[in-house]
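For reference, the structure is listed below as structure tokens.
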There are 2 protein chains.
Amino acid sequence: MKPDLSKIPLSCQDCTNNSSTFSCLSSEEKDELSVDKGNNFYKKGQTIFYEGNHPHGLYCIHSGKVKISKLGEEGKEQILRLAGKAETLGYRALLGNEPYKATATALEDSYVCYLSKRQFFELITKNNNLCLNMIHTLADDLRDSEQKLLDISQLTAKERISSALLILKDKFGYQEDGKTIDVKLTRRELGEFSGVTTETTIRTLSELNKENVIELKGKEIQILDEKNLTHRLHH
Amino acid sequence: MKPDLSKIPLSCQDCTNNSSTFSCLSSEEKDELSVDKGNNFYKKGQTIFYEGNHPHGLYCIHSGKVKISKLGEEGKEQILRLAGKAETLGYRALLGNEPYKATATALEDSYVCYLSKRQFFELITKNNNLCLNMIHTLADDLRDSEQKLLDISQLTAKERISSALLILKDKFGYQEDGKTIDVKLTRRELGEFSGVTTETTIRTLSELNKENVIELKGKEIQILDEKNLTHRLHH
DNA sequence: CGCTTAATTGAACATACTCAAAATTTGTGG
DNA sequence: CCACAAATTTTGAGTATGTTCAATTAAGCG
């Protein structure tokens, strides 16, 4: 299956995704933003940007899913957060005027737009609503990051896996069957997201499976007893 | 020693702190911001705002030091970050239009100004530079939070304590002697900041002491071998 | 001073990690 | 479309790190 870049409209104006970030822009502004827009295809596993490099623009996911992760000293990865359709990538570094502090990798074949730094900054310095939208995004991410910090610091492995499953479900929802989480991660990635080793992740999933809280179908995970997962986290 | 609120000027215009957040404001704007300004004194240990409550304004530390922490399910605290002179508190919740997700407590006797939500929002919706400043603050905090996440997830207790000491030193600097970290935390608080139990914190500090990396004088901690601490973290 | 809070030390223990090896799945080129 | 190589998943056993719990000493502070 070859990538078909014509799937992405040339201008953000014609984008069918309703991005919360850019919802505040007028049609003209969206056109302006798209002047230097690049349309890229990333195969599953491909890197979109690397920790340490300098940002020259802003990524916006047209379709697909992406993980944002950091590498520890021993080479162990920690997934900080996941992003899907209509979400922007790399804005923390861009807005903070810093190199990327994390790496973005496609979790599945993804179409991703690239907005030039110049156009974006031109807009953000004159459009206050865009500014406020970015503030909201950052505030949300900070809240989530701080909650994750607490979780990793204080929850047991089983609780962290449970929490991770709920986050995945909240973020990507279920497939048509209403129970299969709509994202595929390797056991390793689920572990890296939860701050747990692969082996412990596997053992924990299999426990939850035995307890009929979840059902495992290869990489697909079904949630059978959502309340059980939630309850586990709130005492 | 009774609090002397006259130490705080009535208008931000006359504030001797140069706050990076409000540096972009004109004198008139600073006056405007101060219309409903409250000047508060918080004794060491007093709470400034509670997790769960709704923000009605923005705090700005005139002098003193504050910890921002979250409570886990078992009642164990995790200190997310520390704030000192000229830093703002509670902006994440205010800007995200949410209840506070953490609690702020004075680490020492502190004078803290209170800026009304109304005045602040009036300014931020019309002053784009203020907007961009808030974005910078949020971006910095997000970067730090994500780094802390990685650290807590992957470093050993000793490394986390080392990292915490370096963060304290970077944030608050040294006293006149050029080696005593200019903030006093209990062993418990240092542990809560590092994500380690009090006992392990004590044992680790005493190890570092034996190794002549630090010197302990009660709650005061001197850093004798900064390179050793740094080196420990970068392989 | 007396009383509460904080710091310290010790010993037992548990959770989750490491390492190793086998089974299974996935991807790819012929 | 099959076969083989590579990657991933799974299971087991041993272990280390840091926790918990308990008891003692020291420090703050009204």
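Order determines the names: the first chain of the structure tokens is A, the second B, and so forth; residues in each chain are numbered 1 upward, and ligands are numbered 1 upward as they are shown.
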Using only C-alpha atoms (C1' of nucleotides), determine which residues of chain B fall within 8 Å of chain D; present them as a PDB file with N, CA and C atoms, in the first residue's frame.
```pdb
ATOM      1  N   ALA B 157      17.268   5.592  43.441  1.00  0.00           N
ATOM      2  CA  ALA B 157      16.979   6.530  44.524  1.00  0.00           C
ATOM      3  C   ALA B 157      18.128   7.526  44.682  1.00  0.00           C
ATOM      4  N   THR B 197      11.121   7.418  49.765  1.00  0.00           N
ATOM      5  CA  THR B 197      10.654   7.506  51.146  1.00  0.00           C
ATOM      6  C   THR B 197      11.635   8.313  52.001  1.00  0.00           C
ATOM      7  N   THR B 200      14.811   6.291  53.031  1.00  0.00           N
ATOM      8  CA  THR B 200      15.792   6.153  51.950  1.00  0.00           C
ATOM      9  C   THR B 200      16.491   7.485  51.697  1.00  0.00           C
TER      10      THR B 200
END
```
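Using only C-alpha atoms (C1' of nucleotides), the chain C residues found within 9 Å of chain A amount to DT15, DA16, DC17 and DT25 of chain C.
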File dump, residues just selected, C-alpha atoms (C1' of nucleotides), as a CSV table (one decimal), in the first residue's frame:
```csv
chain,number,residue,atom,x,y,z
C,15,DT,C1',7.6,-5.7,44.5
C,16,DA,C1',9.1,-5.5,40.3
C,17,DC,C1',13.5,-6.1,37.8
C,25,DT,C1',4.0,-13.9,15.7
```
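Reported to one decimal place, the separation of CA of Gln147 in chain A from C1' of DT18 in chain C is 28.6 Å.
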> Would you list which chain A residues are within 8 Å of chain B using only C-alpha atoms, as JSON, numbers by chain?
Replying inline: {"A": [70, 72, 73, 76, 78, 80, 92, 93, 95, 96, 101, 125, 126, 128, 129, 131, 132, 134, 135, 136, 138, 139, 140, 141, 142, 143, 145, 146, 148, 149, 150, 151, 152, 153, 154, 195, 233, 234, 235]}
Residue subset to file, keeping N, CA and C atoms, as a tab-separated table (two decimals), in the first residue's frame:
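Below is the file that was written, selection.tsv:
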```
chain	number	residue	atom	x	y	z
A	70	LYS	N	10.86	9.82	25.45
A	70	LYS	CA	12.20	10.26	25.84
A	70	LYS	C	13.07	9.04	26.11
A	72	GLY	N	16.06	7.35	28.28
A	72	GLY	CA	16.81	7.47	29.53
A	72	GLY	C	18.27	7.17	29.30
A	73	GLU	N	19.07	7.33	30.36
A	73	GLU	CA	20.52	7.14	30.26
A	73	GLU	C	20.90	5.74	29.80
A	76	LYS	N	16.71	3.17	27.89
A	76	LYS	CA	15.33	2.74	28.06
A	76	LYS	C	14.38	3.88	27.72
A	78	GLN	N	10.84	6.04	27.61
A	78	GLN	CA	9.63	6.35	28.38
A	78	GLN	C	8.69	7.10	27.45
A	80	LEU	N	5.92	9.52	26.81
A	80	LEU	CA	5.33	10.61	27.59
A	80	LEU	C	3.85	10.75	27.29
A	92	ARG	N	5.67	22.26	21.99
A	92	ARG	CA	6.34	22.62	23.23
A	92	ARG	C	7.71	23.20	22.94
A	93	ALA	N	8.45	22.50	22.10
A	93	ALA	CA	9.78	22.98	21.73
A	93	ALA	C	9.69	24.27	20.92
A	95	LEU	N	7.30	26.57	20.84
A	95	LEU	CA	6.85	27.70	21.64
A	95	LEU	C	7.87	28.06	22.72
A	96	GLY	N	8.59	27.07	23.19
A	96	GLY	CA	9.60	27.33	24.21
A	96	GLY	C	10.91	27.76	23.59
A	101	LYS	N	12.72	18.04	23.18
A	101	LYS	CA	13.15	17.31	24.37
A	101	LYS	C	12.61	15.89	24.32
A	125	THR	N	1.46	35.73	16.83
A	125	THR	CA	1.76	37.04	17.41
A	125	THR	C	0.67	38.05	17.11
A	126	LYS	N	-0.20	37.73	16.18
A	126	LYS	CA	-1.28	38.69	15.94
A	126	LYS	C	-2.66	38.15	16.27
A	128	ASN	N	-4.74	36.56	18.97
A	128	ASN	CA	-4.73	36.25	20.38
A	128	ASN	C	-5.48	34.96	20.70
A	129	ASN	N	-6.46	34.64	19.91
A	129	ASN	CA	-7.21	33.41	20.17
A	129	ASN	C	-6.36	32.18	19.95
A	131	CYS	N	-3.21	32.08	20.39
A	131	CYS	CA	-2.38	32.11	21.59
A	131	CYS	C	-3.10	31.43	22.75
A	132	LEU	N	-4.33	31.80	22.94
A	132	LEU	CA	-5.09	31.23	24.06
A	132	LEU	C	-5.35	29.74	23.85
A	134	MET	N	-3.29	27.69	22.28
A	134	MET	CA	-2.04	27.03	22.60
A	134	MET	C	-1.85	26.94	24.11
A	135	ILE	N	-2.24	28.00	24.81
A	135	ILE	CA	-2.17	27.99	26.27
A	135	ILE	C	-3.00	26.84	26.84
A	136	HIS	N	-4.18	26.67	26.27
A	136	HIS	CA	-5.04	25.58	26.72
A	136	HIS	C	-4.41	24.22	26.51
A	138	LEU	N	-1.24	23.52	26.21
A	138	LEU	CA	-0.11	23.37	27.13
A	138	LEU	C	-0.59	23.10	28.55
A	139	ALA	N	-1.62	23.82	28.97
A	139	ALA	CA	-2.15	23.63	30.32
A	139	ALA	C	-2.67	22.21	30.48
A	140	ASP	N	-3.34	21.69	29.48
A	140	ASP	CA	-3.85	20.32	29.53
A	140	ASP	C	-2.71	19.32	29.61
A	141	ASP	N	-1.71	19.53	28.76
A	141	ASP	CA	-0.57	18.60	28.75
A	141	ASP	C	0.17	18.63	30.07
A	142	LEU	N	0.30	19.81	30.65
A	142	LEU	CA	1.00	19.93	31.92
A	142	LEU	C	0.22	19.21	33.01
A	143	ARG	N	-1.09	19.38	32.99
A	143	ARG	CA	-1.94	18.68	33.96
A	143	ARG	C	-1.74	17.16	33.84
A	145	SER	N	0.72	15.53	32.47
A	145	SER	CA	2.08	15.12	32.79
A	145	SER	C	2.28	15.03	34.29
A	146	GLU	N	1.69	15.99	35.01
A	146	GLU	CA	1.85	15.99	36.46
A	146	GLU	C	1.07	14.84	37.10
A	148	LYS	N	0.56	11.99	35.61
A	148	LYS	CA	1.35	10.80	35.25
A	148	LYS	C	2.55	10.66	36.18
A	149	LEU	N	3.14	11.78	36.50
A	149	LEU	CA	4.25	11.81	37.45
A	149	LEU	C	3.84	11.19	38.77
A	150	LEU	N	2.70	11.62	39.28
A	150	LEU	CA	2.19	11.08	40.54
A	150	LEU	C	1.93	9.59	40.41
A	151	ASP	N	1.32	9.19	39.31
A	151	ASP	CA	0.98	7.79	39.10
A	151	ASP	C	2.23	6.92	39.08
A	152	ILE	N	3.20	7.32	38.29
A	152	ILE	CA	4.42	6.53	38.18
A	152	ILE	C	5.14	6.47	39.51
A	153	SER	N	5.03	7.54	40.26
A	153	SER	CA	5.72	7.60	41.54
A	153	SER	C	5.06	6.74	42.61
A	154	GLN	N	3.73	6.62	42.55
A	154	GLN	CA	3.04	6.03	43.69
A	154	GLN	C	2.22	4.77	43.41
A	195	GLY	N	5.62	2.87	32.41
A	195	GLY	CA	6.79	2.89	33.28
A	195	GLY	C	7.02	1.56	33.96
A	233	LEU	N	-8.09	2.36	40.83
A	233	LEU	CA	-7.29	3.57	40.95
A	233	LEU	C	-7.79	4.53	42.01
A	234	HIS	N	-9.08	4.43	42.34
A	234	HIS	CA	-9.61	5.37	43.33
A	234	HIS	C	-9.95	4.63	44.60
A	235	HIS	N	-8.91	4.11	45.16
A	235	HIS	CA	-8.92	3.29	46.35
A	235	HIS	C	-9.66	1.98	46.13
```
> So how many Å separate CA of Gly191 in chain A and CA of Glu159 in chain A, to one decimal?
Replying inline: 12.2 Å
> Excluding same-chain residues fewer than 5 positions from range 222-229 of chain A, what lies within 6 Å of it counting only C-alpha atoms (C1' of nucleotides), as JSON, numbers by chain?
Replying inline: {"A": [162, 179, 180, 181, 213, 214, 215]}
Could those residues be written to a file, using C-alpha atoms, as a PDB file, in the first residue's frame?
```pdb
ATOM      1  CA  SER A 162      -4.796  -0.253  34.506  1.00  0.00           C
ATOM      2  CA  LYS A 179     -14.867  -2.810  23.724  1.00  0.00           C
ATOM      3  CA  THR A 180     -11.625  -3.125  21.752  1.00  0.00           C
ATOM      4  CA  ILE A 181      -9.279  -0.204  22.445  1.00  0.00           C
ATOM      5  CA  VAL A 213     -11.287  -7.472  33.413  1.00  0.00           C
ATOM      6  CA  ILE A 214      -9.797  -7.460  29.936  1.00  0.00           C
ATOM      7  CA  GLU A 215      -9.610  -9.834  26.993  1.00  0.00           C
TER       8      GLU A 215
END
```
> Just asking: which residues within range 15-215 of chain A are strand (DSSP E or B) according to DSSP, as a ChimeraX atom specification?
Replying inline: /A:38-42,47-49,57-63,66-71,77-83,88-89,103-106,110-116,174,180-181,214-215
> When you draw a straight line from CA of Asp109 in chain A to CA of Phe41 in chain A, how long is it in Å?
Replying inline: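 According to the coordinates, CA of Asp109 in chain A and CA of Phe41 in chain A are separated by 7.4 Å.
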>> as a ChimeraX atom specification, please: every residue in range 17-210 of chain A that a backbone DSSP assignment puts in helix (DSSP H, G or I).
In response: /A:27-34,91-96,117-126,128-154,157-172,187-194,198-210
